Amino acid sequence: MINRLLEHYPTAYTSKTPIQTKGTICFWLEDGQQYIGIPIEDLTPEETELLKSLFPTFHEETTLNDTYQEKRWYDFLLNNEKEAKMPASIENGVFRIIQFAVSKKGINTQDLKEALKNMFTFDVTVIFLNDYHGFIVEEKQQLNTTEDDFHASLLAFENDFYVPISLYIGEFKNVYKLKNFFQYEQKLFQFARSHISASLLFTLKNILPVYLIHTLPIEIRKQLFMSIFDVFRDDRELWKTVKKYLENYTNTSLTSKQLFIHRNSLQYRIEKFEEKTNLNLKMFTDAMFAYYACLDFEYIDEN
């Protein structure tokens, strides 16, 4: 697909990170795991709409960012131009970027911007990449919005707009380090939206293990976790049990309550898994290996 697009649009460029150049639309190609930037002047309106339908994750210049602050952040983080610098007033600041993606169009962008700002105690800057995808710049304060706060905001958003929204909470960085790190965070968010359907709130720590596994060829992953996958295929409930048990730090009481089973039943399942795999889930390395297998099992089993 990428080669065919490059043949059709000779002035296009590809990139592993979503770096935007003025006057282009940047599309994410899932198959090639990279972006392709196509000059707007090379696209007819019909071609633009077709590509947006085929590749729903895209970045383009937009008039939605109308304030000076929004335009400066957009230029600083997304454009390759050396002159795209931040005002001196925030050069020593520490910020994080919260990416957002609404599952479908239809929400008034001003209403969307207001709802996003209401997720925060302090003033933030909301930048749009298109009508339903963008990011929020939040400066570090003594009391910033927590993950629990974001979980509550996700529920409130869906109740208000009847549309789910996914968020990626970035890491706080000095403004000089923010731009390069944001490029990797964009890639992680795109990966999460494609491969981790069970969650709508993402962070570096809950994406990185899955991302690292997926850097390995699928055939190697099948070989690495073969014995565990065989156990899970025989008993899919065991997969859910082990995954929840490990996510709860092997807390038997909490896991049994969440799974609505008796402690003895849970203990029996865990012992059954350990016996079949020769793993001890109280050992950190064994537990980590088992958890990697749990994270990869559903994707491997479907492919």
# chains A, B, ... in the order shown; residues from 1 in each chain; ligands from 1

$ closest_atom_pairs --of "range 86-197 of chain A" --to "range 46-60 of chain A" --cutoff "10 Å" --atoms "only C-alpha atoms" --output "JSON lines"
{"residue": "A:Ala101", "atom": "CA", "partner": "A:Thr57", "partner_atom": "CA", "distance": 9.3}
{"residue": "A:Lys104", "atom": "CA", "partner": "A:Pro56", "partner_atom": "CA", "distance": 9.7}
{"residue": "A:Phe128", "atom": "CA", "partner": "A:His59", "partner_atom": "CA", "distance": 8.8}
{"residue": "A:Leu129", "atom": "CA", "partner": "A:His59", "partner_atom": "CA", "distance": 5.0}
{"residue": "A:Asn130", "atom": "CA", "partner": "A:His59", "partner_atom": "CA", "distance": 6.3}
{"residue": "A:Asp131", "atom": "CA", "partner": "A:Glu60", "partner_atom": "CA", "distance": 10.0}
{"residue": "A:Tyr132", "atom": "CA", "partner": "A:Thr57", "partner_atom": "CA", "distance": 9.7}
{"residue": "A:His133", "atom": "CA", "partner": "A:Thr57", "partner_atom": "CA", "distance": 8.1}
{"residue": "A:Gly134", "atom": "CA", "partner": "A:His59", "partner_atom": "CA", "distance": 8.7}
{"residue": "A:Gln190", "atom": "CA", "partner": "A:Thr57", "partner_atom": "CA", "distance": 8.2}

$ residues_around --residues "range 214-226 of chain A" --least-positions-apart "5" --cutoff "10 Å" --atoms "only C-alpha atoms" --output "tab-separated table (two decimals) with all heavy atoms, in the first residue's frame"
chain	number	residue	atom	x	y	z
A	191	PHE	N	-0.71	2.98	18.57
A	191	PHE	CA	-0.59	1.53	18.79
A	191	PHE	C	-1.67	1.05	19.76
A	191	PHE	O	-2.32	0.03	19.53
A	191	PHE	CB	0.79	1.19	19.34
A	191	PHE	CG	0.94	-0.22	19.80
A	191	PHE	CD1	1.24	-1.24	18.91
A	191	PHE	CD2	0.74	-0.55	21.14
A	191	PHE	CE1	1.35	-2.56	19.33
A	191	PHE	CE2	0.85	-1.88	21.57
A	191	PHE	CZ	1.16	-2.87	20.66
A	195	HIS	N	-4.51	-1.86	19.21
A	195	HIS	CA	-4.24	-3.19	19.75
A	195	HIS	C	-4.78	-3.43	21.17
A	195	HIS	O	-4.78	-4.57	21.62
A	195	HIS	CB	-2.73	-3.46	19.77
A	195	HIS	CG	-2.12	-3.51	18.40
A	195	HIS	ND1	-1.62	-2.39	17.77
A	195	HIS	CD2	-1.94	-4.54	17.54
A	195	HIS	CE1	-1.16	-2.73	16.58
A	195	HIS	NE2	-1.33	-4.03	16.42
A	208	LEU	N	3.54	0.08	27.37
A	208	LEU	CA	4.90	-0.36	27.02
A	208	LEU	C	5.07	-1.88	27.00
A	208	LEU	O	5.67	-2.41	26.05
A	208	LEU	CB	5.91	0.28	27.98
A	208	LEU	CG	7.38	0.10	27.59
A	208	LEU	CD1	7.64	0.71	26.21
A	208	LEU	CD2	8.29	0.74	28.63
A	209	PRO	N	4.57	-2.64	28.00
A	209	PRO	CA	4.75	-4.10	27.92
A	209	PRO	C	4.16	-4.70	26.65
A	209	PRO	O	4.79	-5.54	25.99
A	209	PRO	CB	4.03	-4.61	29.17
A	209	PRO	CG	4.06	-3.47	30.12
A	209	PRO	CD	3.91	-2.25	29.27
A	231	VAL	N	-2.41	-23.97	27.25
A	231	VAL	CA	-3.22	-24.05	28.47
A	231	VAL	C	-4.43	-23.12	28.38
A	231	VAL	O	-5.55	-23.49	28.73
A	231	VAL	CB	-2.37	-23.70	29.71
A	231	VAL	CG1	-3.24	-23.61	30.96
A	231	VAL	CG2	-1.27	-24.73	29.91
A	232	PHE	N	-4.21	-21.91	27.90
A	232	PHE	CA	-5.30	-20.94	27.80
A	232	PHE	C	-6.34	-21.35	26.76
A	232	PHE	O	-7.54	-21.10	26.94
A	232	PHE	CB	-4.74	-19.56	27.45
A	232	PHE	CG	-4.00	-18.89	28.58
A	232	PHE	CD1	-3.05	-17.91	28.31
A	232	PHE	CD2	-4.24	-19.25	29.91
A	232	PHE	CE1	-2.37	-17.28	29.35
A	232	PHE	CE2	-3.55	-18.63	30.94
A	232	PHE	CZ	-2.63	-17.64	30.66
A	289	PHE	N	6.74	-13.19	33.07
A	289	PHE	CA	6.65	-13.97	31.85
A	289	PHE	C	5.19	-14.39	31.58
A	289	PHE	O	4.70	-14.31	30.45
A	289	PHE	CB	7.54	-15.21	31.95
A	289	PHE	CG	7.59	-16.04	30.70
A	289	PHE	CD1	8.37	-15.63	29.62
A	289	PHE	CD2	6.87	-17.22	30.60
A	289	PHE	CE1	8.42	-16.39	28.46
A	289	PHE	CE2	6.93	-17.98	29.45
A	289	PHE	CZ	7.69	-17.57	28.38
A	290	ALA	N	4.51	-14.84	32.63
A	290	ALA	CA	3.11	-15.25	32.48
A	290	ALA	C	2.24	-14.06	32.07
A	290	ALA	O	1.31	-14.20	31.26
A	290	ALA	CB	2.60	-15.85	33.79
A	292	TYR	N	3.16	-11.36	30.36
A	292	TYR	CA	3.39	-11.07	28.95
A	292	TYR	C	2.56	-12.02	28.07
A	292	TYR	O	1.98	-11.61	27.06
A	292	TYR	CB	4.87	-11.23	28.60
A	292	TYR	CG	5.74	-10.07	29.01
A	292	TYR	CD1	7.12	-10.22	29.10
A	292	TYR	CD2	5.21	-8.82	29.31
A	292	TYR	CE1	7.94	-9.15	29.47
A	292	TYR	CE2	6.00	-7.77	29.67
A	292	TYR	CZ	7.37	-7.93	29.76
A	292	TYR	OH	8.17	-6.88	30.13
A	293	ALA	N	2.51	-13.27	28.46
A	293	ALA	CA	1.72	-14.25	27.70
A	293	ALA	C	0.24	-13.90	27.75
A	293	ALA	O	-0.47	-14.00	26.75
A	293	ALA	CB	1.96	-15.65	28.26
A	294	CYS	N	-0.22	-13.46	28.93
A	294	CYS	CA	-1.63	-13.06	29.08
A	294	CYS	C	-1.96	-11.88	28.17
A	294	CYS	O	-3.02	-11.83	27.53
A	294	CYS	CB	-1.93	-12.68	30.52
A	294	CYS	SG	-1.99	-14.07	31.68
A	296	ASP	N	-0.58	-11.07	25.40
A	296	ASP	CA	-0.46	-11.38	23.98
A	296	ASP	C	-1.44	-12.45	23.52
A	296	ASP	O	-1.67	-12.60	22.32
A	296	ASP	CB	0.96	-11.83	23.67
A	296	ASP	CG	1.37	-11.51	22.23
A	296	ASP	OD1	0.83	-10.54	21.67
A	296	ASP	OD2	2.23	-12.22	21.69
A	297	PHE	N	-2.02	-13.18	24.46
A	297	PHE	CA	-2.80	-14.36	24.08
A	297	PHE	C	-4.00	-14.02	23.19
A	297	PHE	O	-4.22	-14.64	22.16
A	297	PHE	CB	-3.31	-15.08	25.34
A	297	PHE	CG	-4.30	-16.17	25.04
A	297	PHE	CD1	-3.90	-17.32	24.38
A	297	PHE	CD2	-5.64	-16.04	25.40
A	297	PHE	CE1	-4.82	-18.34	24.10
A	297	PHE	CE2	-6.54	-17.03	25.13
A	297	PHE	CZ	-6.13	-18.18	24.48
A	299	TYR	N	-4.64	-11.47	21.24
A	299	TYR	CA	-4.27	-11.03	19.89
A	299	TYR	C	-3.76	-12.20	19.05
A	299	TYR	O	-4.16	-12.37	17.90
A	299	TYR	CB	-3.19	-9.94	19.98
A	299	TYR	CG	-2.75	-9.44	18.64
A	299	TYR	CD1	-3.45	-8.45	17.98
A	299	TYR	CD2	-1.61	-9.98	18.02
A	299	TYR	CE1	-3.05	-7.99	16.73
A	299	TYR	CE2	-1.20	-9.52	16.77
A	299	TYR	CZ	-1.92	-8.52	16.14
A	299	TYR	OH	-1.53	-8.09	14.91
A	300	ILE	N	-2.88	-13.02	19.63
A	300	ILE	CA	-2.33	-14.17	18.90
A	300	ILE	C	-3.43	-15.14	18.53
A	300	ILE	O	-3.47	-15.67	17.42
A	300	ILE	CB	-1.26	-14.88	19.75
A	300	ILE	CG1	-0.01	-14.00	19.91
A	300	ILE	CG2	-0.89	-16.23	19.15
A	300	ILE	CD1	0.83	-13.90	18.67
A	301	ASP	N	-4.34	-15.37	19.45
A	301	ASP	CA	-5.40	-16.37	19.22
A	301	ASP	C	-6.33	-15.93	18.09
A	301	ASP	O	-6.89	-16.77	17.40
A	301	ASP	CB	-6.20	-16.57	20.50
A	301	ASP	CG	-6.88	-17.93	20.54
A	301	ASP	OD1	-6.24	-18.92	20.14
A	301	ASP	OD2	-8.04	-18.01	20.97
A	303	ASN	N	-5.31	-14.19	15.52
A	303	ASN	CA	-4.55	-14.07	14.28
A	303	ASN	C	-3.84	-15.38	13.94
A	303	ASN	O	-2.78	-15.38	13.39
A	303	ASN	CB	-3.55	-12.92	14.40
A	303	ASN	CG	-4.24	-11.58	14.46
A	303	ASN	OD1	-4.52	-10.97	13.44
A	303	ASN	ND2	-4.51	-11.09	15.66

$ closest_residue --among "A:Leu295, A:Val102, A:Ala156, A:Leu212" --to "Met119 in chain A" --atoms "only C-alpha atoms"
A:Ala156

$ closest_residue --among "A:Asn92, A:Thr250, A:Gln34, A:Thr241" --to "Ser265 in chain A" --atoms "only C-alpha atoms"
A:Thr241

$ residues_around --residues "range 175-185 of chain A" --least-positions-apart "3" --cutoff "9 Å" --atoms "only C-alpha atoms" --output "list in words"
Thr17, Pro18, Ile19, Phe76, Leu77, Leu78, Met86, Ile90, Glu91, Asn92, Gly93, Val94, Phe95, Arg96, Ile97, Gln99, Tyr168, Gly170, Glu171, Phe172, Leu188, Phe189, Gln190 and Leu204 of chain A

$ select_by_dssp --residues "range 142-294 of chain A" --states "alpha helix (DSSP H)" --output "MDAnalysis selection string"
chainID A and resid 147:161 175:195 204:214 218:224 226:234 236:247 252:259 263:277 284:294

$ atom_distance --atom1 "CA of Leu259 in chain A" --atom2 "CA of Lys240 in chain A"
9.0 Å

$ residues_around --residues "range 70-72 of chain A" --least-positions-apart "5" --cutoff "7 Å" --atoms "only C-alpha atoms" --output "ChimeraX atom specification"
/A:65,86,125-127

$ closest_residue --among "A:Ile36, A:Leu238, A:Met288, A:Val124" --to "Lys276 in chain A" --atoms "only C-alpha atoms"
A:Leu238

$ select_by_dssp --residues "range 1-196 of chain A" --states "strand (DSSP E)" --output "PyMOL selection string"
chain A and resi 13-15+24-29+34-39+58-60+94-102+125-130+133-139+165-169+173-174

$ atom_distance --atom1 "CA of Thr11 in chain A" --atom2 "CA of Phe135 in chain A"
27.9 Å

$ closest_residue --among "A:Leu246, A:Arg269, A:Glu114, A:Lys173" --to "Asp286 in chain A" --atoms "only C-alpha atoms"
A:Leu246

$ atom_distance --atom1 "CA of Val137 in chain A" --atom2 "CA of Asn79 in chain A"
16.2 Å

$ decode --residues "range 162-199 of chain A" --atoms "N, CA, C and O atoms" --output "short mmCIF file (atom, residue, chain, number, x, y, z; two decimals), in the first residue's frame"
data_model
loop_
_atom_site.label_atom_id
_atom_site.label_comp_id
_atom_site.auth_asym_id
_atom_site.auth_seq_id
_atom_site.Cartn_x
_atom_site.Cartn_y
_atom_site.Cartn_z
N TYR A 162 -22.73 10.59 24.52
CA TYR A 162 -23.10 9.27 23.99
C TYR A 162 -22.05 8.74 23.01
O TYR A 162 -22.36 7.98 22.10
N VAL A 163 -20.84 9.17 23.20
CA VAL A 163 -19.72 8.74 22.37
C VAL A 163 -18.52 8.53 23.29
O VAL A 163 -18.20 9.41 24.09
N PRO A 164 -17.84 7.38 23.21
CA PRO A 164 -16.64 7.18 24.04
C PRO A 164 -15.46 8.00 23.54
O PRO A 164 -15.37 8.33 22.35
N ILE A 165 -14.58 8.33 24.45
CA ILE A 165 -13.36 9.06 24.10
C ILE A 165 -12.19 8.33 24.75
O ILE A 165 -12.30 7.84 25.88
N SER A 166 -11.10 8.21 24.04
CA SER A 166 -9.91 7.58 24.60
C SER A 166 -8.85 8.64 24.86
O SER A 166 -8.76 9.64 24.12
N LEU A 167 -8.06 8.43 25.93
CA LEU A 167 -7.04 9.38 26.34
C LEU A 167 -5.71 8.68 26.55
O LEU A 167 -5.68 7.53 26.99
N TYR A 168 -4.64 9.38 26.24
CA TYR A 168 -3.29 8.94 26.58
C TYR A 168 -2.68 10.00 27.48
O TYR A 168 -2.51 11.15 27.06
N ILE A 169 -2.34 9.64 28.71
CA ILE A 169 -1.75 10.58 29.66
C ILE A 169 -0.24 10.55 29.49
O ILE A 169 0.41 9.55 29.81
N GLY A 170 0.33 11.62 28.99
CA GLY A 170 1.76 11.67 28.75
C GLY A 170 2.57 11.90 30.01
O GLY A 170 2.03 12.13 31.09
N GLU A 171 3.88 11.83 29.85
CA GLU A 171 4.81 12.05 30.95
C GLU A 171 5.19 13.53 31.03
O GLU A 171 5.32 14.21 30.01
N PHE A 172 5.37 14.04 32.25
CA PHE A 172 5.82 15.42 32.41
C PHE A 172 7.27 15.55 31.95
O PHE A 172 8.14 14.76 32.33
N LYS A 173 7.53 16.56 31.12
CA LYS A 173 8.87 16.79 30.59
C LYS A 173 9.13 18.30 30.53
O LYS A 173 8.22 19.10 30.34
N ASN A 174 10.42 18.65 30.68
CA ASN A 174 10.83 20.02 30.39
C ASN A 174 10.49 20.34 28.94
O ASN A 174 10.56 19.48 28.07
N VAL A 175 10.12 21.57 28.67
CA VAL A 175 9.64 21.93 27.34
C VAL A 175 10.67 21.62 26.26
O VAL A 175 10.31 21.29 25.12
N TYR A 176 11.96 21.64 26.58
CA TYR A 176 12.99 21.35 25.58
C TYR A 176 12.99 19.87 25.18
O TYR A 176 13.40 19.52 24.08
N LYS A 177 12.57 19.00 26.09
CA LYS A 177 12.55 17.57 25.82
C LYS A 177 11.17 17.09 25.34
O LYS A 177 11.02 15.95 24.91
N LEU A 178 10.20 17.97 25.45
CA LEU A 178 8.82 17.58 25.22
C LEU A 178 8.55 17.19 23.77
O LEU A 178 7.86 16.21 23.50
N LYS A 179 9.10 17.93 22.84
CA LYS A 179 8.78 17.72 21.42
C LYS A 179 9.16 16.32 20.95
O LYS A 179 8.34 15.60 20.39
N ASN A 180 10.41 15.91 21.17
CA ASN A 180 10.84 14.59 20.72
C ASN A 180 10.10 13.48 21.43
O ASN A 180 9.74 12.46 20.83
N PHE A 181 9.87 13.65 22.72
CA PHE A 181 9.17 12.60 23.47
C PHE A 181 7.72 12.49 23.02
O PHE A 181 7.17 11.38 22.97
N PHE A 182 7.11 13.61 22.67
CA PHE A 182 5.72 13.59 22.20
C PHE A 182 5.58 12.77 20.93
O PHE A 182 4.56 12.10 20.72
N GLN A 183 6.59 12.79 20.07
CA GLN A 183 6.52 12.00 18.85
C GLN A 183 6.39 10.51 19.17
O GLN A 183 5.64 9.78 18.51
N TYR A 184 7.11 10.04 20.19
CA TYR A 184 7.01 8.64 20.59
C TYR A 184 5.67 8.37 21.27
O TYR A 184 5.07 7.30 21.09
N GLU A 185 5.19 9.32 22.05
CA GLU A 185 3.90 9.14 22.72
C GLU A 185 2.76 9.06 21.70
O GLU A 185 1.80 8.30 21.90
N GLN A 186 2.86 9.81 20.63
CA GLN A 186 1.85 9.72 19.58
C GLN A 186 1.83 8.31 18.98
O GLN A 186 0.77 7.74 18.72
N LYS A 187 3.02 7.78 18.76
CA LYS A 187 3.11 6.43 18.19
C LYS A 187 2.54 5.40 19.15
O LYS A 187 1.84 4.46 18.74
N LEU A 188 2.81 5.57 20.44
CA LEU A 188 2.28 4.64 21.44
C LEU A 188 0.76 4.72 21.51
O LEU A 188 0.07 3.70 21.66
N PHE A 189 0.22 5.94 21.43
CA PHE A 189 -1.24 6.11 21.49
C PHE A 189 -1.90 5.45 20.28
O PHE A 189 -2.92 4.78 20.41
N GLN A 190 -1.32 5.64 19.11
CA GLN A 190 -1.85 5.01 17.92
C GLN A 190 -1.81 3.48 18.06
O GLN A 190 -2.77 2.79 17.71
N PHE A 191 -0.71 2.98 18.57
CA PHE A 191 -0.59 1.53 18.79
C PHE A 191 -1.67 1.05 19.76
O PHE A 191 -2.32 0.03 19.53
N ALA A 192 -1.86 1.78 20.85
CA ALA A 192 -2.83 1.37 21.87
C ALA A 192 -4.24 1.34 21.31
O ALA A 192 -5.01 0.41 21.58
N ARG A 193 -4.59 2.33 20.52
CA ARG A 193 -5.93 2.37 19.96
C ARG A 193 -6.17 1.22 18.99
O ARG A 193 -7.30 0.78 18.81
N SER A 194 -5.10 0.74 18.37
CA SER A 194 -5.23 -0.36 17.41
C SER A 194 -5.21 -1.73 18.06
O SER A 194 -5.81 -2.68 17.56
N HIS A 195 -4.51 -1.86 19.21
CA HIS A 195 -4.24 -3.19 19.75
C HIS A 195 -4.78 -3.43 21.17
O HIS A 195 -4.78 -4.57 21.62
N ILE A 196 -5.18 -2.38 21.88
CA ILE A 196 -5.65 -2.57 23.25
C ILE A 196 -7.08 -2.04 23.34
O ILE A 196 -7.32 -0.90 23.76
N SER A 197 -8.02 -2.84 22.93
CA SER A 197 -9.40 -2.39 22.83
C SER A 197 -10.13 -2.40 24.18
O SER A 197 -11.21 -1.82 24.31
N ALA A 198 -9.54 -3.06 25.17
CA ALA A 198 -10.25 -3.21 26.45
C ALA A 198 -10.18 -1.96 27.32
O ALA A 198 -10.84 -1.89 28.35
N SER A 199 -9.40 -0.96 26.92
CA SER A 199 -9.22 0.22 27.75
C SER A 199 -9.40 1.48 26.93
O SER A 199 -9.24 1.49 25.71
#
